[in-house]
Amino acid sequence: MILTDSMLDAAFGFRETEAWKMLDDSNIFAVRLSNGQNVYCTIMGNGGEHYSLGIYINEEGFSSYLRILNSDGSMINNLRYVTKADCINCDFMQAKEIDNKVKKIIRQYAESHGISIPRKHGWVDFTRVKPYKAQWCITDSDDAMIAEEALRAATFLANELKDKGYEEVGFDPNSDYPSNKGGEKIPLIVHYDNGYSILSTLTPALKEMEYVSPIFNNDILAHNVANMHKTGTIFCRMEHIPSPIMPEDDVQPQLPGMFIMINQSDGEMLPPYTTVDYPDNTQKLLTQLANHFCMLGIHPEKIIVSDKLTFALISDFCNKCNIKLKKVDSMPELDYACDSMLLYMMKL
C-alpha cells in the first residue's frame with residue numbers, strides 16, 4: 001500500500017475547500033498531469049451522502065465513467081458497468097469505515113502535522129479500481145502521483161470558485177452531464193512552475209471497450225471436444241460477479257467471471273463454470289471450459305451469445321471445437337438467468 005504524507009497533505013487540503021458545496025458530479029473538469037496525461041475528475045458529495053473525488057485516467061477511464069453515467073439506471077446494469085470501471089477514488093469517510101492500518105497512518109500524519117481530523121467525512125481513503133478487479137488500495141507509484149496531482153489541482157479550482165463564477169472558470173452554465181458523443185467544453189487545470197492556470201478542453205467521446213480474442217492452442221483437447229456427440233444449442237454469457245475472490249498475497253483481487261449457459265431446447269440451466277483468469281490467462285480459461293464441456297458430456301451444435309465479450313472470447317475456441325457461434329442482439333431467457341444469478345451472488 002502506498003499512502004504518503006504528501007498524498008494525505010493533498011487530500012486534507014482538498015477536504016478543507018468543501019468543494020462539493022460548490023460543484024456536483026455533473027461539473028466535470030480535466031487536469032493535465034506532470035507526465036503529460038489528462039485525467040478527468042468529478043466531485044461527489046453535493047447530495048450529502050458520498051464525499052469523493054473521482055479521477056478517470058485518459059479517454060479509456062473517462063469512457064468507463066460515461067458507461068455508468070448513461071446506463072439505463074437499473075441496479076443490475078450498474079453492477080455490470082462497475083466491474084469495468086477504471087479510476088482512482090479519494091473518498092472522505094467516517095472513522096468506522098476505514099481500515100485500521102490506514103487509520104493508524106492517518107492518525108500519525110495528523111499528530112505530526114498538528115491537524116485535527118474532521119469528525120464528519122474526515123477520514124481519507126485512496127483506492128484504485130480497474131476492469132475486472134476489486135476496489136483496492138493504491139500500490140503503484142504512478143497512481144499515487146496521479147491522485148496527489150489531481151487533488152492539488154481540484155483544490156486550486158475550488159479556491160478559484162470562491163471568487164469567480166462557474167462560466168468564468170470554464171464550466172457549462174447549464175451544468176449538463178457529459179454525453180457519449182463528447183465535445184463538451186470543460187475546464188483544464190494545468191500546473192506550471194509559478195502555479196496553476198485554467199485552460200479549456202473538450203470531453204472525449206465514448207470509446208468502445210476492446211475485448212480479448214484469444215487463440216485456443218490446445219489441439220488435443222479441441223479434437224476431443226470436436227469428436228463428442230453433438231448435444232444441441234445453448235445460450236451462453238460470461239458475467240463478472242462484483243464480489244471479489246481474495247488472494248493469499250497482498251495484490252488487487254480479481255472479480256470472478258462466470259459462464260452462464262442454458263439449453264435452448266428446455267430452458268434448463270447447465271452447471272455454471274467460474275474462472276478468475278479473464279483477461280490475464282485466457283488460454284487456461286478456455287482449457288478449463290473445454291474440460292467443463294467434457295465433464296458435462298456436452299458438445300453444443302451451436303452457441304448463441306448476445307454480448308461482445310463472450311463472442312470475442314470463445315470465437316476461436318468454437319471454431320477449433322467444431323461449434324457454430326452466433327451473436328444476436330438480445331436473449332430474454334439468458335438475460336433473466338444472468339440477472340437472477342448476479343442478484344443471488346450479491347445476495348440482493
# chains A, B, ... in the order shown; residues from 1 in each chain; ligands from 1
>>> residues_around(residues="Leu188 in chain A", least_positions_apart="2", cutoff="12 Å", atoms="only C-alpha atoms", output="VMD selection string")
chain A and resid 27 to 33 37 to 41 150 153 to 154 156 to 157 169 to 171 185 to 186 190 to 191 196 to 203
>>> write_last_selection(atoms="N, CA and C atoms", output="mmCIF file, in the first residue's frame")
data_model
loop_
_atom_site.group_PDB
_atom_site.id
_atom_site.type_symbol
_atom_site.label_atom_id
_atom_site.label_comp_id
_atom_site.auth_asym_id
_atom_site.auth_seq_id
_atom_site.Cartn_x
_atom_site.Cartn_y
_atom_site.Cartn_z
ATOM 1 N N ASN A 27 -20.231 18.537 -12.931
ATOM 2 C CA ASN A 27 -19.201 19.532 -13.241
ATOM 3 C C ASN A 27 -17.858 18.846 -13.490
ATOM 4 N N ILE A 28 -17.734 18.210 -14.640
ATOM 5 C CA ILE A 28 -16.506 17.517 -14.996
ATOM 6 C C ILE A 28 -15.408 18.538 -15.302
ATOM 7 N N PHE A 29 -14.204 18.264 -14.830
ATOM 8 C CA PHE A 29 -13.054 19.079 -15.216
ATOM 9 C C PHE A 29 -11.865 18.147 -15.454
ATOM 10 N N ALA A 30 -10.906 18.655 -16.236
ATOM 11 C CA ALA A 30 -9.722 17.869 -16.579
ATOM 12 C C ALA A 30 -8.502 18.450 -15.886
ATOM 13 N N VAL A 31 -7.508 17.593 -15.683
ATOM 14 C CA VAL A 31 -6.233 18.004 -15.094
ATOM 15 C C VAL A 31 -5.119 17.482 -15.988
ATOM 16 N N ARG A 32 -4.203 18.372 -16.372
ATOM 17 C CA ARG A 32 -3.008 17.964 -17.111
ATOM 18 C C ARG A 32 -1.936 17.587 -16.097
ATOM 19 N N LEU A 33 -1.550 16.318 -16.094
ATOM 20 C CA LEU A 33 -0.562 15.836 -15.146
ATOM 21 C C LEU A 33 0.852 16.212 -15.588
ATOM 22 N N GLN A 37 -0.216 13.405 -19.293
ATOM 23 C CA GLN A 37 -1.531 12.791 -19.382
ATOM 24 C C GLN A 37 -2.626 13.759 -18.960
ATOM 25 N N ASN A 38 -3.831 13.533 -19.492
ATOM 26 C CA ASN A 38 -5.020 14.192 -18.970
ATOM 27 C C ASN A 38 -5.821 13.201 -18.140
ATOM 28 N N VAL A 39 -6.306 13.662 -17.003
ATOM 29 C CA VAL A 39 -7.289 12.894 -16.239
ATOM 30 C C VAL A 39 -8.551 13.733 -16.129
ATOM 31 N N TYR A 40 -9.671 13.064 -15.936
ATOM 32 C CA TYR A 40 -10.970 13.724 -15.886
ATOM 33 C C TYR A 40 -11.573 13.457 -14.511
ATOM 34 N N CYS A 41 -11.997 14.533 -13.865
ATOM 35 C CA CYS A 41 -12.363 14.456 -12.457
ATOM 36 C C CYS A 41 -13.823 14.839 -12.241
ATOM 37 N N ALA A 150 -3.997 15.383 -8.977
ATOM 38 C CA ALA A 150 -5.409 15.710 -9.236
ATOM 39 C C ALA A 150 -6.038 16.410 -8.043
ATOM 40 N N ALA A 153 -4.809 20.047 -7.924
ATOM 41 C CA ALA A 153 -5.464 20.839 -8.965
ATOM 42 C C ALA A 153 -6.920 21.115 -8.610
ATOM 43 N N ALA A 154 -7.611 20.113 -8.043
ATOM 44 C CA ALA A 154 -9.008 20.296 -7.636
ATOM 45 C C ALA A 154 -9.116 21.322 -6.518
ATOM 46 N N PHE A 156 -7.069 23.893 -6.100
ATOM 47 C CA PHE A 156 -6.911 25.187 -6.767
ATOM 48 C C PHE A 156 -8.226 25.621 -7.417
ATOM 49 N N LEU A 157 -8.875 24.709 -8.124
ATOM 50 C CA LEU A 157 -10.127 25.049 -8.803
ATOM 51 C C LEU A 157 -11.197 25.471 -7.801
ATOM 52 N N VAL A 169 -14.634 30.125 -14.957
ATOM 53 C CA VAL A 169 -13.600 29.101 -14.872
ATOM 54 C C VAL A 169 -13.793 28.014 -15.931
ATOM 55 N N GLY A 170 -14.848 28.145 -16.735
ATOM 56 C CA GLY A 170 -14.982 27.244 -17.887
ATOM 57 C C GLY A 170 -16.033 26.168 -17.787
ATOM 58 N N PHE A 171 -16.909 26.229 -16.780
ATOM 59 C CA PHE A 171 -17.960 25.219 -16.666
ATOM 60 C C PHE A 171 -19.156 25.565 -17.542
ATOM 61 N N LYS A 185 -17.308 21.476 -23.704
ATOM 62 C CA LYS A 185 -16.202 22.284 -23.188
ATOM 63 C C LYS A 185 -16.148 22.190 -21.662
ATOM 64 N N ILE A 186 -14.954 21.910 -21.137
ATOM 65 C CA ILE A 186 -14.764 21.807 -19.685
ATOM 66 C C ILE A 186 -13.444 22.486 -19.303
ATOM 67 N N VAL A 190 -3.940 23.216 -15.456
ATOM 68 C CA VAL A 190 -2.555 22.911 -15.838
ATOM 69 C C VAL A 190 -1.614 23.547 -14.820
ATOM 70 N N HIS A 191 -0.627 22.779 -14.354
ATOM 71 C CA HIS A 191 0.337 23.273 -13.378
ATOM 72 C C HIS A 191 1.609 23.721 -14.080
ATOM 73 N N TYR A 196 -0.856 27.493 -11.046
ATOM 74 C CA TYR A 196 -1.823 26.835 -11.925
ATOM 75 C C TYR A 196 -2.457 27.842 -12.879
ATOM 76 N N SER A 197 -2.898 27.319 -14.010
ATOM 77 C CA SER A 197 -3.712 28.095 -14.947
ATOM 78 C C SER A 197 -4.924 27.263 -15.328
ATOM 79 N N ILE A 198 -6.009 27.961 -15.650
ATOM 80 C CA ILE A 198 -7.211 27.280 -16.111
ATOM 81 C C ILE A 198 -7.350 27.518 -17.614
ATOM 82 N N LEU A 199 -7.195 26.453 -18.367
ATOM 83 C CA LEU A 199 -7.422 26.484 -19.803
ATOM 84 C C LEU A 199 -8.749 25.782 -20.070
ATOM 85 N N SER A 200 -8.958 25.320 -21.270
ATOM 86 C CA SER A 200 -10.180 24.575 -21.562
ATOM 87 C C SER A 200 -9.843 23.408 -22.487
ATOM 88 N N THR A 201 -10.677 22.405 -22.441
ATOM 89 C CA THR A 201 -10.558 21.256 -23.330
ATOM 90 C C THR A 201 -11.960 20.714 -23.574
ATOM 91 N N LEU A 202 -12.053 19.654 -24.377
ATOM 92 C CA LEU A 202 -13.339 19.036 -24.687
ATOM 93 C C LEU A 202 -13.402 17.639 -24.107
ATOM 94 N N THR A 203 -14.583 17.246 -23.685
ATOM 95 C CA THR A 203 -14.741 15.889 -23.169
ATOM 96 C C THR A 203 -14.538 14.880 -24.300
#
>>> select_by_dssp(residues="range 46-119 of chain A", states="helix (DSSP H, G or I)", output="ChimeraX atom specification")
/A:58-69,75-82,95-97,100-113
>>> closest_residue(among="A:Ser330, A:Cys338, A:Pro271, A:Asp143", to="Met238 in chain A", atoms="only C-alpha atoms")
A:Cys338
>>> residues_around(residues="range 84-94 of chain A", least_positions_apart="2", cutoff="9 Å", atoms="only C-alpha atoms", output="PyMOL selection string")
chain A and resi 11+15+50-57+60-65+67-68+80-82+96-98+119-133+138+143+146-147+151
>>> closest_residue(among="A:Cys321, A:Ile245, A:Leu161, A:Cys294", to="Asn217 in chain A", atoms="only C-alpha atoms")
A:Cys321
>>> residues_around(residues="Ser265 in chain A", least_positions_apart="6", cutoff="9 Å", atoms="only C-alpha atoms", output="ChimeraX atom specification")
/A:232-234
>>> write_last_selection(atoms="N, CA, C and O atoms", output="PDB file, in the first residue's frame")
ATOM      1  N   GLY A 232     -26.995 -30.231 -29.164  1.00  0.00           N
ATOM      2  CA  GLY A 232     -27.973 -29.161 -29.313  1.00  0.00           C
ATOM      3  C   GLY A 232     -27.368 -27.779 -29.139  1.00  0.00           C
ATOM      4  O   GLY A 232     -26.152 -27.590 -29.117  1.00  0.00           O
ATOM      5  N   THR A 233     -28.251 -26.788 -28.998  1.00  0.00           N
ATOM      6  CA  THR A 233     -27.851 -25.382 -28.925  1.00  0.00           C
ATOM      7  C   THR A 233     -27.930 -24.874 -27.493  1.00  0.00           C
ATOM      8  O   THR A 233     -28.862 -25.207 -26.754  1.00  0.00           O
ATOM      9  N   ILE A 234     -26.951 -24.062 -27.104  1.00  0.00           N
ATOM     10  CA  ILE A 234     -27.002 -23.429 -25.788  1.00  0.00           C
ATOM     11  C   ILE A 234     -26.849 -21.922 -25.933  1.00  0.00           C
ATOM     12  O   ILE A 234     -26.224 -21.438 -26.872  1.00  0.00           O
TER      13      ILE A 234
END
>>> residues_around(residues="Gly257 in chain A", least_positions_apart="2", cutoff="8 Å", atoms="only C-alpha atoms", output="number ranges by chain")
A: 238-241, 255, 259, 274-278
>>> residues_around(residues="Lys320 in chain A", least_positions_apart="3", cutoff="9 Å", atoms="only C-alpha atoms", output="NGL selection string")
:A and (216-217 or 219 or 222-223 or 225-226 or 315-317 or 323)
>>> write_last_selection(atoms="N, CA, C and O atoms", output="PDB file, in the first residue's frame")
ATOM      1  N   PHE A 216      -7.195 -20.523 -29.252  1.00  0.00           N
ATOM      2  CA  PHE A 216      -7.196 -21.738 -28.432  1.00  0.00           C
ATOM      3  C   PHE A 216      -6.191 -22.715 -29.029  1.00  0.00           C
ATOM      4  O   PHE A 216      -6.412 -23.273 -30.103  1.00  0.00           O
ATOM      5  N   ASN A 217      -5.075 -22.922 -28.329  1.00  0.00           N
ATOM      6  CA  ASN A 217      -3.987 -23.699 -28.914  1.00  0.00           C
ATOM      7  C   ASN A 217      -3.825 -25.101 -28.342  1.00  0.00           C
ATOM      8  O   ASN A 217      -2.812 -25.754 -28.575  1.00  0.00           O
ATOM      9  N   ASP A 219      -4.648 -28.287 -29.095  1.00  0.00           N
ATOM     10  CA  ASP A 219      -5.201 -29.041 -30.221  1.00  0.00           C
ATOM     11  C   ASP A 219      -5.788 -30.377 -29.798  1.00  0.00           C
ATOM     12  O   ASP A 219      -6.811 -30.816 -30.345  1.00  0.00           O
ATOM     13  N   ALA A 222      -9.126 -29.701 -28.068  1.00  0.00           N
ATOM     14  CA  ALA A 222     -10.084 -29.247 -29.080  1.00  0.00           C
ATOM     15  C   ALA A 222     -10.573 -30.419 -29.919  1.00  0.00           C
ATOM     16  O   ALA A 222     -11.773 -30.536 -30.238  1.00  0.00           O
ATOM     17  N   HIS A 223      -9.661 -31.325 -30.280  1.00  0.00           N
ATOM     18  CA  HIS A 223     -10.024 -32.514 -31.055  1.00  0.00           C
ATOM     19  C   HIS A 223     -10.986 -33.402 -30.272  1.00  0.00           C
ATOM     20  O   HIS A 223     -11.972 -33.922 -30.836  1.00  0.00           O
ATOM     21  N   VAL A 225     -13.122 -32.522 -27.889  1.00  0.00           N
ATOM     22  CA  VAL A 225     -14.453 -31.897 -27.832  1.00  0.00           C
ATOM     23  C   VAL A 225     -15.138 -31.997 -29.189  1.00  0.00           C
ATOM     24  O   VAL A 225     -16.326 -32.333 -29.285  1.00  0.00           O
ATOM     25  N   ALA A 226     -14.395 -31.728 -30.253  1.00  0.00           N
ATOM     26  CA  ALA A 226     -14.975 -31.731 -31.602  1.00  0.00           C
ATOM     27  C   ALA A 226     -15.536 -33.087 -31.993  1.00  0.00           C
ATOM     28  O   ALA A 226     -16.466 -33.169 -32.809  1.00  0.00           O
ATOM     29  N   SER A 315     -14.639 -17.204 -29.792  1.00  0.00           N
ATOM     30  CA  SER A 315     -14.737 -17.353 -31.252  1.00  0.00           C
ATOM     31  C   SER A 315     -13.788 -18.426 -31.781  1.00  0.00           C
ATOM     32  O   SER A 315     -14.199 -19.352 -32.498  1.00  0.00           O
ATOM     33  N   ASP A 316     -12.510 -18.336 -31.459  1.00  0.00           N
ATOM     34  CA  ASP A 316     -11.567 -19.338 -31.960  1.00  0.00           C
ATOM     35  C   ASP A 316     -11.799 -20.683 -31.289  1.00  0.00           C
ATOM     36  O   ASP A 316     -11.642 -21.736 -31.924  1.00  0.00           O
ATOM     37  N   PHE A 317     -12.163 -20.667 -30.021  1.00  0.00           N
ATOM     38  CA  PHE A 317     -12.485 -21.892 -29.294  1.00  0.00           C
ATOM     39  C   PHE A 317     -13.578 -22.674 -30.018  1.00  0.00           C
ATOM     40  O   PHE A 317     -13.461 -23.886 -30.238  1.00  0.00           O
ATOM     41  N   ILE A 323     -17.910 -26.009 -33.203  1.00  0.00           N
ATOM     42  CA  ILE A 323     -19.153 -25.472 -32.638  1.00  0.00           C
ATOM     43  C   ILE A 323     -19.525 -24.219 -33.416  1.00  0.00           C
ATOM     44  O   ILE A 323     -18.688 -23.314 -33.558  1.00  0.00           O
TER      45      ILE A 323
END
>>> closest_atom_pairs(of="range 7-54 of chain A", to="range 103-107 of chain A", cutoff="12 Å", atoms="only C-alpha atoms", output="Markdown table")
| residue | atom | partner | partner_atom | distance |
| --- | --- | --- | --- | --- |
| A:Met7 | CA | A:Ile106 | CA | 10.6 |
| A:Leu8 | CA | A:Ile106 | CA | 7.6 |
| A:Asp9 | CA | A:Ile106 | CA | 10.3 |
| A:Ala11 | CA | A:Ile106 | CA | 11.0 |
| A:Phe12 | CA | A:Ile106 | CA | 10.4 |
>>> write_last_selection(atoms="N, CA, C and O atoms", output="PDB file, in the first residue's frame")
ATOM      1  N   MET A   7       0.521  12.658  -0.138  1.00  0.00           N
ATOM      2  CA  MET A   7      -0.843  12.325  -0.581  1.00  0.00           C
ATOM      3  C   MET A   7      -1.865  12.806   0.440  1.00  0.00           C
ATOM      4  O   MET A   7      -2.912  13.377   0.081  1.00  0.00           O
ATOM      5  N   LEU A   8      -1.582  12.580   1.710  1.00  0.00           N
ATOM      6  CA  LEU A   8      -2.515  12.994   2.754  1.00  0.00           C
ATOM      7  C   LEU A   8      -2.606  14.515   2.834  1.00  0.00           C
ATOM      8  O   LEU A   8      -3.694  15.066   3.055  1.00  0.00           O
ATOM      9  N   ASP A   9      -1.478  15.190   2.640  1.00  0.00           N
ATOM     10  CA  ASP A   9      -1.489  16.656   2.628  1.00  0.00           C
ATOM     11  C   ASP A   9      -2.400  17.174   1.513  1.00  0.00           C
ATOM     12  O   ASP A   9      -3.199  18.092   1.725  1.00  0.00           O
ATOM     13  N   ALA A  11      -4.882  15.538   0.122  1.00  0.00           N
ATOM     14  CA  ALA A  11      -6.268  15.149   0.407  1.00  0.00           C
ATOM     15  C   ALA A  11      -6.908  16.061   1.449  1.00  0.00           C
ATOM     16  O   ALA A  11      -8.046  16.522   1.291  1.00  0.00           O
ATOM     17  N   PHE A  12      -6.185  16.350   2.531  1.00  0.00           N
ATOM     18  CA  PHE A  12      -6.750  17.213   3.564  1.00  0.00           C
ATOM     19  C   PHE A  12      -6.876  18.657   3.078  1.00  0.00           C
ATOM     20  O   PHE A  12      -7.795  19.379   3.485  1.00  0.00           O
TER      21      PHE A  12
END
>>> closest_residue(among="A:Glu208, A:Asp193, A:Glu160, A:Glu333", to="Lys181 in chain A", atoms="only C-alpha atoms")
A:Glu208
>>> select_by_dssp(residues="range 71-302 of chain A", states="strand (DSSP E or B)", output="PyMOL selection string")
chain A and resi 87-93+123-129+133+136+185-192+195-202+233-240+245+254+257-263+269+273-275+302
>>> residues_around(residues="Met295 in chain A", least_positions_apart="2", cutoff="12 Å", atoms="only C-alpha atoms", output="ChimeraX atom specification")
/A:224-225,228,270-271,273,288-293,297-299
>>> decode(residues="range 103-142 of chain A", atoms="C-alpha atoms", output="short mmCIF file (atom, residue, chain, number, x, y, z; two decimals), in the first residue's frame")
data_model
loop_
_atom_site.label_atom_id
_atom_site.label_comp_id
_atom_site.auth_asym_id
_atom_site.auth_seq_id
_atom_site.Cartn_x
_atom_site.Cartn_y
_atom_site.Cartn_z
CA LYS A 103 -6.40 4.72 10.19
CA LYS A 104 -3.10 4.35 12.03
CA ILE A 105 -1.19 6.07 9.20
CA ILE A 106 -3.69 8.92 9.08
CA ARG A 107 -3.53 9.43 12.86
CA GLN A 108 0.26 9.56 12.74
CA TYR A 109 0.10 12.13 9.95
CA ALA A 110 -2.44 14.27 11.80
CA GLU A 111 -0.43 14.22 15.04
CA SER A 112 2.88 15.04 13.35
CA HIS A 113 1.34 17.96 11.42
CA GLY A 114 -0.77 19.31 14.27
CA ILE A 115 -4.10 18.98 12.50
CA SER A 116 -7.43 17.59 13.64
CA ILE A 117 -9.43 15.19 11.52
CA PRO A 118 -12.96 16.43 10.82
CA ARG A 119 -15.45 14.18 12.58
CA LYS A 120 -17.86 14.11 9.66
CA HIS A 121 -16.45 12.55 6.49
CA GLY A 122 -12.92 13.46 7.50
CA TRP A 123 -11.01 10.22 7.04
CA VAL A 124 -9.25 9.74 3.71
CA ASP A 125 -9.41 6.51 1.73
CA PHE A 126 -7.45 6.19 -1.53
CA THR A 127 -8.49 3.32 -3.78
CA ARG A 128 -7.75 2.07 -7.29
CA VAL A 129 -10.44 0.47 -9.43
CA LYS A 130 -9.53 -1.50 -12.57
CA PRO A 131 -11.68 -3.51 -15.00
CA TYR A 132 -12.49 -6.98 -13.65
CA LYS A 133 -10.68 -6.25 -10.39
CA ALA A 134 -11.99 -5.20 -7.00
CA GLN A 135 -11.54 -1.76 -5.48
CA TRP A 136 -8.18 -1.87 -3.70
CA CYS A 137 -5.57 0.31 -2.02
CA ILE A 138 -3.06 2.16 -4.19
CA THR A 139 0.04 0.06 -4.80
CA ASP A 140 1.52 1.75 -7.89
CA SER A 141 3.66 4.89 -7.64
CA ASP A 142 2.15 6.32 -10.84
#
